[in-house]
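my_file29.cif (mmCIF, C-alpha atoms)
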data_start
#
loop_
_atom_site.label_atom_id
_atom_site.label_comp_id
_atom_site.auth_asym_id
_atom_site.auth_seq_id
_atom_site.Cartn_x
_atom_site.Cartn_y
_atom_site.Cartn_z
CA MET A 116 -1.45 5.00 -17.01
CA SER A 117 -4.58 4.93 -14.86
CA GLN A 118 -5.28 7.58 -12.27
CA VAL A 119 -4.04 5.47 -9.44
CA GLU A 120 -1.32 3.41 -11.03
CA SER A 121 1.24 5.98 -10.06
CA MET A 122 0.29 5.28 -6.47
CA LEU A 123 1.82 1.85 -6.67
CA GLY A 124 5.15 3.41 -5.91
CA ALA A 125 3.72 5.07 -2.80
CA LYS A 126 4.38 3.83 0.70
CA THR A 127 2.63 0.52 1.23
CA LEU A 128 0.05 0.74 3.95
CA THR A 129 -1.41 -2.71 3.55
CA PRO A 130 0.34 -5.99 4.29
CA ILE A 131 0.73 -8.49 1.48
CA ARG A 132 -2.54 -10.32 1.07
CA HIS A 133 -2.27 -13.98 1.96
CA ASP A 134 -4.79 -15.06 -0.65
CA ILE A 135 -2.66 -13.46 -3.36
CA GLU A 136 0.45 -15.13 -1.97
CA LEU A 137 -1.30 -18.49 -2.01
CA ALA A 138 -2.56 -17.96 -5.51
CA VAL A 139 0.91 -17.06 -6.75
CA LEU A 140 2.40 -20.06 -4.98
CA ALA A 141 -0.23 -22.32 -6.48
CA ALA A 142 0.52 -20.98 -9.92
CA THR A 143 4.24 -21.66 -9.49
CA PRO A 144 5.30 -25.09 -10.82
CA GLY A 145 6.71 -27.34 -8.16
CA THR A 146 4.98 -25.52 -5.32
CA GLU A 147 2.56 -27.48 -3.19
CA THR A 148 -0.68 -25.88 -2.07
CA SER A 149 -3.95 -27.09 -0.71
CA PRO A 150 -6.20 -28.49 -3.45
CA ASP A 151 -9.08 -26.65 -1.84
CA ILE A 152 -7.76 -23.36 -3.03
CA ASP A 153 -9.42 -22.25 -6.19
CA VAL A 154 -6.38 -20.65 -7.75
CA GLU A 155 -8.11 -19.17 -10.73
CA GLU A 156 -10.81 -17.66 -8.59
CA LYS A 157 -8.27 -16.17 -6.20
CA LEU A 158 -6.17 -14.72 -8.99
CA LYS A 159 -9.24 -13.32 -10.67
CA GLU A 160 -10.38 -11.71 -7.46
CA ALA A 161 -6.97 -10.29 -6.69
CA PHE A 162 -6.51 -8.62 -10.03
CA ALA A 163 -10.08 -7.68 -10.94
CA ARG A 164 -11.05 -4.06 -10.66
CA GLY A 165 -14.07 -5.11 -8.70
CA TRP A 166 -14.02 -2.46 -5.99
CA SER A 167 -15.35 1.07 -6.04
CA VAL A 168 -13.93 3.84 -3.91
CA ILE A 169 -16.69 6.20 -2.82
CA VAL A 170 -16.29 9.65 -1.30
CA TRP A 171 -19.23 10.82 0.78
CA ASN A 172 -20.40 14.37 1.41
CA ASP A 173 -19.75 16.07 4.73
CA PRO A 174 -20.40 19.62 5.91
CA ILE A 175 -16.82 20.47 6.90
CA ASN A 176 -14.38 19.71 4.08
CA LEU A 177 -13.92 22.70 1.79
CA MET A 178 -14.66 22.34 -1.91
CA ASP A 179 -11.22 23.56 -2.99
CA TYR A 180 -9.61 21.24 -0.47
CA VAL A 181 -11.55 18.23 -1.80
CA VAL A 182 -10.46 19.10 -5.36
CA TYR A 183 -6.86 19.38 -4.19
CA VAL A 184 -7.04 15.97 -2.48
CA PHE A 185 -8.51 14.32 -5.59
CA LYS A 186 -5.68 15.77 -7.66
CA ALA A 187 -3.00 14.79 -5.13
CA VAL A 188 -4.22 11.29 -4.33
CA LEU A 189 -6.00 10.18 -7.49
CA LYS A 190 -3.85 12.18 -9.94
CA MET A 191 -7.02 13.64 -11.46
CA ASN A 192 -6.80 16.74 -13.59
CA GLU A 193 -8.50 19.92 -12.38
CA LYS A 194 -11.59 19.34 -14.51
CA ASP A 195 -12.24 15.75 -13.37
CA ALA A 196 -11.41 16.55 -9.75
CA SER A 197 -13.88 19.45 -9.81
CA ARG A 198 -16.56 17.28 -11.46
CA HIS A 199 -16.23 14.61 -8.76
CA MET A 200 -16.24 17.25 -6.03
CA TRP A 201 -19.50 18.71 -7.35
CA GLU A 202 -20.97 15.21 -7.56
CA VAL A 203 -20.11 14.62 -3.90
CA HIS A 204 -21.56 18.00 -2.96
CA GLN A 205 -24.78 17.73 -4.94
CA GLN A 206 -25.53 14.00 -4.90
CA GLY A 207 -24.02 13.10 -1.55
CA LYS A 208 -21.35 10.79 -2.94
CA SER A 209 -19.13 10.07 -5.92
CA VAL A 210 -17.35 6.96 -7.14
CA VAL A 211 -13.82 8.27 -7.59
CA ALA A 212 -12.03 5.05 -8.55
CA ARG A 213 -12.74 1.48 -9.58
CA GLU A 214 -9.77 -0.69 -8.76
CA THR A 215 -8.46 -3.94 -7.39
CA ARG A 216 -9.12 -4.58 -3.75
CA GLU A 217 -5.58 -3.73 -2.67
CA LYS A 218 -5.43 -0.49 -4.61
CA SER A 219 -8.87 0.48 -3.36
CA GLU A 220 -7.70 -0.06 0.21
CA LEU A 221 -4.66 2.11 -0.39
CA ILE A 222 -6.80 4.87 -1.91
CA VAL A 223 -9.24 4.77 1.02
CA HIS A 224 -6.29 5.04 3.44
CA ARG A 225 -4.89 8.05 1.63
CA LEU A 226 -8.21 9.85 1.20
CA ARG A 227 -8.99 9.28 4.87
CA GLY A 228 -5.52 10.56 5.72
CA PHE A 229 -6.65 13.87 4.22
CA GLY A 230 -9.87 13.70 6.23
CA LEU A 231 -12.27 12.75 3.44
CA ASN A 232 -15.04 10.30 4.24
CA ALA A 233 -14.06 7.53 1.82
CA THR A 234 -15.14 3.90 1.75
CA MET A 235 -14.79 0.95 -0.63
CA GLU A 236 -17.58 -1.26 -1.86
CA GLN A 237 -17.56 -4.39 -3.99
CA VAL A 238 -19.00 -3.70 -7.44
CA MET B 55 -0.15 34.28 5.78
CA THR B 56 1.56 33.55 2.49
CA CYS B 57 2.68 30.32 0.86
CA GLN B 58 5.33 30.57 -1.83
CA GLN B 59 6.81 27.80 -3.91
CA ILE B 60 10.62 27.93 -3.74
CA ASP B 61 11.27 25.10 -6.20
CA ALA B 62 9.55 21.95 -7.45
CA GLU B 63 9.59 20.33 -4.03
CA HIS B 64 9.87 23.15 -1.51
CA TRP B 65 7.55 25.79 -0.09
CA ARG B 66 7.95 28.79 2.19
CA LEU B 67 5.08 29.45 4.59
CA SER B 68 5.12 32.81 6.27
CA PHE B 69 2.88 33.92 9.14
CA ALA B 70 2.40 37.34 10.75
CA GLU B 71 2.88 37.06 14.51
CA PRO B 72 -0.84 36.81 15.46
CA GLU B 73 -1.30 34.14 12.78
CA ALA B 74 1.78 32.30 14.03
CA LEU B 75 0.45 32.32 17.59
CA PHE B 76 -2.88 30.97 16.36
CA ILE B 77 -1.18 28.20 14.36
CA VAL B 78 1.08 27.30 17.29
CA GLY B 79 -2.00 26.99 19.52
CA VAL B 80 -3.65 24.76 16.93
CA LEU B 81 -0.54 22.57 16.60
CA ALA B 82 -0.30 22.22 20.39
CA ARG B 83 -3.94 21.13 20.65
CA LEU B 84 -3.51 18.79 17.70
CA GLY B 85 -0.40 17.34 19.32
CA ARG B 86 -2.41 16.46 22.42
CA SER B 87 -5.13 14.97 20.25
CA TYR B 88 -2.63 12.84 18.28
CA HIS B 89 -1.12 11.71 21.56
CA ASP B 90 -4.36 10.92 23.43
CA ASP B 91 -5.31 7.34 24.16
CA LEU B 92 -7.96 6.27 21.66
CA SER B 93 -9.87 4.27 24.25
CA GLN B 94 -10.36 7.40 26.37
CA MET B 95 -11.78 9.47 23.51
CA PRO B 96 -15.49 10.24 23.00
CA PRO B 97 -17.04 7.75 20.54
CA ALA B 98 -17.22 10.23 17.62
CA LEU B 99 -13.51 11.07 17.85
CA ARG B 100 -12.56 7.43 18.30
CA ALA B 101 -14.58 6.52 15.22
CA TYR B 102 -12.83 9.26 13.23
CA TRP B 103 -9.39 7.95 14.15
CA GLN B 104 -10.26 4.33 13.59
CA GLY B 105 -11.75 5.07 10.18
CA LYS B 106 -14.31 3.01 8.31
CA ILE B 107 -13.28 0.91 5.34
CA THR B 108 -16.79 0.30 3.96
CA SER B 109 -20.32 1.56 4.34
CA GLU B 110 -21.57 -1.99 3.73
CA LYS B 111 -22.68 -4.03 6.68
CA MET B 112 -19.85 -6.40 7.58
CA SER B 113 -20.73 -9.93 8.62
CA ALA B 114 -18.76 -11.55 11.44
CA ASP B 115 -16.66 -13.58 9.02
CA SER B 116 -16.27 -10.85 6.41
CA ASP B 117 -12.73 -10.61 5.11
CA LEU B 118 -13.20 -6.85 5.09
CA LYS B 119 -12.68 -7.13 8.84
CA GLU B 120 -8.99 -7.59 8.16
CA SER B 121 -9.03 -4.52 5.91
CA GLN B 122 -10.75 -2.55 8.67
CA GLU B 123 -8.03 -3.55 11.14
CA VAL B 124 -5.31 -2.55 8.67
CA LEU B 125 -6.99 0.83 8.17
CA SER B 126 -7.18 1.44 11.92
CA GLU B 127 -3.50 0.52 12.32
CA ALA B 128 -2.53 2.82 9.45
CA ARG B 129 -4.46 5.66 11.06
CA ALA B 130 -2.72 5.08 14.39
CA GLU B 131 0.59 5.34 12.54
CA LEU B 132 -0.60 8.52 10.84
CA ARG B 133 -1.31 10.08 14.23
CA SER B 134 2.26 9.32 15.35
CA GLU B 135 3.70 10.85 12.17
CA ARG B 136 1.57 13.98 12.54
CA LEU B 137 2.46 14.26 16.22
CA ALA B 138 6.14 14.29 15.20
CA LEU B 139 5.53 17.00 12.59
CA ALA B 140 3.51 19.13 15.04
CA GLU B 141 6.30 18.81 17.62
CA ASN B 142 8.93 19.79 15.03
CA TRP B 143 7.08 22.93 14.06
CA LEU B 144 6.43 23.84 17.70
CA ARG B 145 10.15 23.39 18.43
CA GLU B 146 11.05 25.56 15.44
CA PHE B 147 8.73 28.29 16.70
CA GLU B 148 10.22 28.05 20.19
CA ILE B 149 13.79 28.54 19.03
CA THR B 150 13.24 31.05 16.25
CA GLU B 151 14.48 34.58 16.81
CA ARG B 152 12.13 35.99 14.22
CA ARG B 153 8.44 35.59 14.87
CA ASN B 154 7.03 38.44 12.82
CA PRO B 155 6.83 37.06 10.28
CA TRP B 156 7.46 33.47 11.33
CA THR B 157 8.73 31.57 8.32
CA VAL B 158 8.77 27.83 7.85
CA GLU B 159 10.25 25.97 4.91
CA ALA B 160 8.50 22.74 4.01
CA THR B 161 8.71 20.02 1.41
CA THR B 162 5.58 19.38 -0.65
CA THR B 163 4.88 16.32 1.52
CA GLU B 164 5.20 18.41 4.70
CA ARG B 165 2.99 21.12 3.24
CA ASP B 166 0.35 18.50 2.41
CA GLU B 167 0.63 17.10 5.93
CA PHE B 168 0.32 20.59 7.40
CA VAL B 169 -2.86 21.22 5.42
CA ALA B 170 -4.25 17.79 6.35
CA MET B 171 -3.46 18.54 10.01
CA LEU B 172 -5.32 21.86 9.90
CA ASN B 173 -8.17 19.91 8.36
CA ASP B 174 -7.93 17.31 11.16
CA ARG B 175 -8.44 20.13 13.63
CA ARG B 176 -11.48 21.39 11.70
CA LEU B 177 -13.02 17.91 11.59
CA LEU B 178 -12.24 17.13 15.23
CA LEU B 179 -13.74 20.43 16.39
CA ALA B 180 -16.85 19.75 14.32
CA LEU B 181 -17.16 16.26 15.81
CA GLU B 182 -16.58 17.51 19.36
CA ILE B 183 -19.45 19.96 19.21
CA GLY B 184 -21.57 18.18 16.57
CA VAL B 185 -21.58 20.95 13.95
CA THR B 186 -24.43 20.69 11.46
CA GLU B 187 -24.43 21.64 7.78
CA GLY B 188 -26.84 24.47 8.60
CA GLU B 189 -24.45 25.93 11.17
CA MET B 190 -21.58 25.86 8.67
CA GLU B 191 -23.68 28.01 6.35
CA THR B 192 -24.73 30.42 9.10
CA ASP B 193 -22.91 33.63 9.98
CA PRO B 194 -21.01 32.58 13.15
CA GLY B 195 -21.93 35.93 14.70
CA LEU B 196 -25.54 34.75 14.81
CA ILE B 197 -24.72 31.67 16.89
CA THR B 198 -25.57 32.53 20.46
CA GLU B 199 -23.79 29.74 22.35
CA GLU B 200 -20.23 30.99 22.88
CA ALA B 201 -18.42 27.64 22.71
CA ARG B 202 -20.16 26.72 19.44
CA ARG B 203 -19.58 30.14 17.97
CA ASN B 204 -15.86 30.01 18.83
CA ALA B 205 -15.52 26.50 17.42
CA ILE B 206 -17.19 27.49 14.14
CA LEU B 207 -15.06 30.62 13.92
CA GLU B 208 -11.94 28.50 14.42
CA ILE B 209 -13.14 26.07 11.72
CA ASP B 210 -13.63 29.04 9.36
CA ILE B 211 -10.22 30.56 10.14
CA LEU B 212 -8.51 27.21 9.63
CA GLY B 213 -10.32 26.92 6.32
CA HIS B 214 -8.87 30.28 5.34
CA PHE B 215 -5.34 29.06 6.15
CA ILE B 216 -5.92 25.92 4.09
CA LEU B 217 -7.12 27.92 1.10
CA VAL B 218 -4.19 30.34 1.32
CA THR B 219 -1.76 27.42 1.48
CA LEU B 220 -3.27 25.57 -1.48
CA GLY B 221 -4.49 28.43 -3.64
CA PRO B 222 -7.66 28.12 -5.79
CA GLN B 223 -8.29 24.58 -7.01
CA ILE B 224 -11.74 24.37 -8.59
CA TYR B 225 -12.00 24.24 -12.38
CA HIS B 226 -14.18 27.01 -13.82
CA PRO B 227 -14.96 26.46 -17.51
#
Would you put the structure from the file into C-alpha cells?
Amino acid sequence: MSQVESMLGAKTLTPIRHDIELAVLAATPGTETSPDIDVEEKLKEAFARGWSVIVWNDPINLMDYVVYVFKAVLKMNEKDASRHMWEVHQQGKSVVARETREKSELIVHRLRGFGLNATMEQV
Amino acid sequence: MTCQQIDAEHWRLSFAEPEALFIVGVLARLGRSYHDDLSQMPPALRAYWQGKITSEKMSADSDLKESQEVLSEARAELRSERLALAENWLREFEITERRNPWTVEATTTERDEFVAMLNDRRLLLALEIGVTEGEMETDPGLITEEARRNAILEIDILGHFILVTLGPQIYHP
C-alpha cells in the first residue's frame, strides 16, 4: 500500500472531477459522449501519478510538528518523515508525494489544514 | 501541561490553572479569527485562509483554478469546524468545577485538531506582525518592541504546548 492510499478512505474534500466522469461514461458501452473527448487521454491523466506534492520551508512550523504531520497525513514512518523534514529545512522544499491529481489535491488540503505550506505541481 | 493516552483513540490533556487560562485566551482569540469575515481580513491573513494550491503561475483558463476554488472552500469549512471545537472547549472550561488542573478528554482527531489550532494561532500571529526567520532564532528578551516581543513569546509558548501534546517525533539514528 502506498503512503497515501490509506487516505482514500478519508473524508472527501474534492468534488468528483467531471473529466473523470466523462471518461468513465465514454468507456461504458452504450453511453453516448461527445466525440471530441479524448477518452484515453482523459483516463490516462486521471490515473497517472503525474503530480508532485511539495512542502515549502517556513520559519514558524516546528520540526517535530512537521514530522508528526508527515506521519499523520502521509503515513510515513519516523525515519522518512524526519528525512523529508530535514530536506524542507535545509533545501527549502521537499517533494513528499507523487500522486494522481485528485490524491495530490487531497494531500495538499490536509497538509494545509495542519498549517504546512504545501502546493502541487505537474511533473 | 500533560498529555496522556487513555486508549488507542483517546487522550487526556491536563492543564495547571495558569496554563488553562492561557489556552482559553488562545481559543477565544482563535474563535474570533475563525469567525471573522475573510473579506475584512488583512491580505496576509486572507491569503493564509484561502490557501494556495500551486506555486506555478496559473493562466486564466488553467483548470487548476477549479482546484484553487475547491481548496478555498475546504479551508472555509475547516474554519467552521475549528470554531465549533474552540467553542466546545471554551464551554467545557466555563462549566467545569475543577480548573486546577483543568482536564479535557479528546479523541485522537480532536487532539490533532487542537494541535493544528494552536499552530494556526502561531502562524496567524507571525503573519500579523511579519515575523522573520531571524527573529524566531533570537532570544525574545532581546526584541525591544513590546508587541513583537509578546507575539514571539506567545508563538514560543504555543510551540511548547504543541511539543508536550505530541511528544518527540524526530528520528535520531
Could you write out as JSON, numbers by chain the residues of chain B within 10 Å of chain A, counting only C-alpha atoms?
-> {"B": [102, 103, 105, 106, 107, 108, 109, 110, 118, 120, 121, 122, 124, 125, 126, 127, 128, 129, 131, 132, 133, 166, 167, 169, 170, 171, 172, 173, 174, 175, 176, 177, 178, 179, 180, 181, 185, 186, 187, 188, 189, 190, 191, 209, 210, 213, 214, 216, 217, 220, 221, 222, 223, 224, 225, 226, 227]}
The PyMOL selection byres ((chain A and resi 208) around 9) on the file shown: which residues, as a list in words?
->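 Applying the expression gives Ile169, Val170, Trp171, Asn172, His199, Met200, Glu202, Val203, His204, Gln205, Gln206, Gly207, Ser209 and Val210 of chain A.
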Around (8.7, 23.6, -4.5) in the file's frame, which residues reach within 10 Å when counting only C-alpha atoms? Return as a PyMOL selection string?
-> chain B and resi 58-66+159-162+165
I need the residue set behind the PyMOL selection byres ((chain B and resi 89) around 12) for this file; please write it as a PyMOL selection string.
-> chain B and resi 81-88+90-95+103+130-138+140-141
Emit the selected residues as a PDB file, in the coordinates of the input, including C-alpha atoms.
ATOM      1  CA  LEU B  81      -0.540  22.570  16.600  1.00  0.00           C
ATOM      2  CA  ALA B  82      -0.300  22.220  20.390  1.00  0.00           C
ATOM      3  CA  ARG B  83      -3.940  21.130  20.650  1.00  0.00           C
ATOM      4  CA  LEU B  84      -3.510  18.790  17.700  1.00  0.00           C
ATOM      5  CA  GLY B  85      -0.400  17.340  19.320  1.00  0.00           C
ATOM      6  CA  ARG B  86      -2.410  16.460  22.420  1.00  0.00           C
ATOM      7  CA  SER B  87      -5.130  14.970  20.250  1.00  0.00           C
ATOM      8  CA  TYR B  88      -2.630  12.840  18.280  1.00  0.00           C
ATOM      9  CA  ASP B  90      -4.360  10.920  23.430  1.00  0.00           C
ATOM     10  CA  ASP B  91      -5.310   7.340  24.160  1.00  0.00           C
ATOM     11  CA  LEU B  92      -7.960   6.270  21.660  1.00  0.00           C
ATOM     12  CA  SER B  93      -9.870   4.270  24.250  1.00  0.00           C
ATOM     13  CA  GLN B  94     -10.360   7.400  26.370  1.00  0.00           C
ATOM     14  CA  MET B  95     -11.780   9.470  23.510  1.00  0.00           C
ATOM     15  CA  TRP B 103      -9.390   7.950  14.150  1.00  0.00           C
ATOM     16  CA  ALA B 130      -2.720   5.080  14.390  1.00  0.00           C
ATOM     17  CA  GLU B 131       0.590   5.340  12.540  1.00  0.00           C
ATOM     18  CA  LEU B 132      -0.600   8.520  10.840  1.00  0.00           C
ATOM     19  CA  ARG B 133      -1.310  10.080  14.230  1.00  0.00           C
ATOM     20  CA  SER B 134       2.260   9.320  15.350  1.00  0.00           C
ATOM     21  CA  GLU B 135       3.700  10.850  12.170  1.00  0.00           C
ATOM     22  CA  ARG B 136       1.570  13.980  12.540  1.00  0.00           C
ATOM     23  CA  LEU B 137       2.460  14.260  16.220  1.00  0.00           C
ATOM     24  CA  ALA B 138       6.140  14.290  15.200  1.00  0.00           C
ATOM     25  CA  ALA B 140       3.510  19.130  15.040  1.00  0.00           C
ATOM     26  CA  GLU B 141       6.300  18.810  17.620  1.00  0.00           C
TER      27      GLU B 141
END
Rounded to one decimal place, report the atom CA of B:Thr56-atom CA of B:Val218 distance in Å.
->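 Going from atom CA of B:Thr56 over to atom CA of B:Val218, I get 6.7 Å.
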Apply the PyMOL selection byres ((chain B and resi 155) around 10) to the displayed file and report the matching residues as number ranges by chain.
-> B: 55, 67-74, 152-154, 156-158
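You will find atom CA of B:Met112 at 17.3 Å from atom CA of A:Gly165.
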Pick out the closest residue to B:Leu207 from this set: B:Ile183, B:Pro194, B:Ser116, B:Thr219. Count only C-alpha atoms.
->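 Closest residue, counting only C-alpha atoms: B:Pro194.
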How many Å lie between atom CA of A:Met191 and atom CA of A:Lys218, rounded to one decimal?
-> 15.8 Å
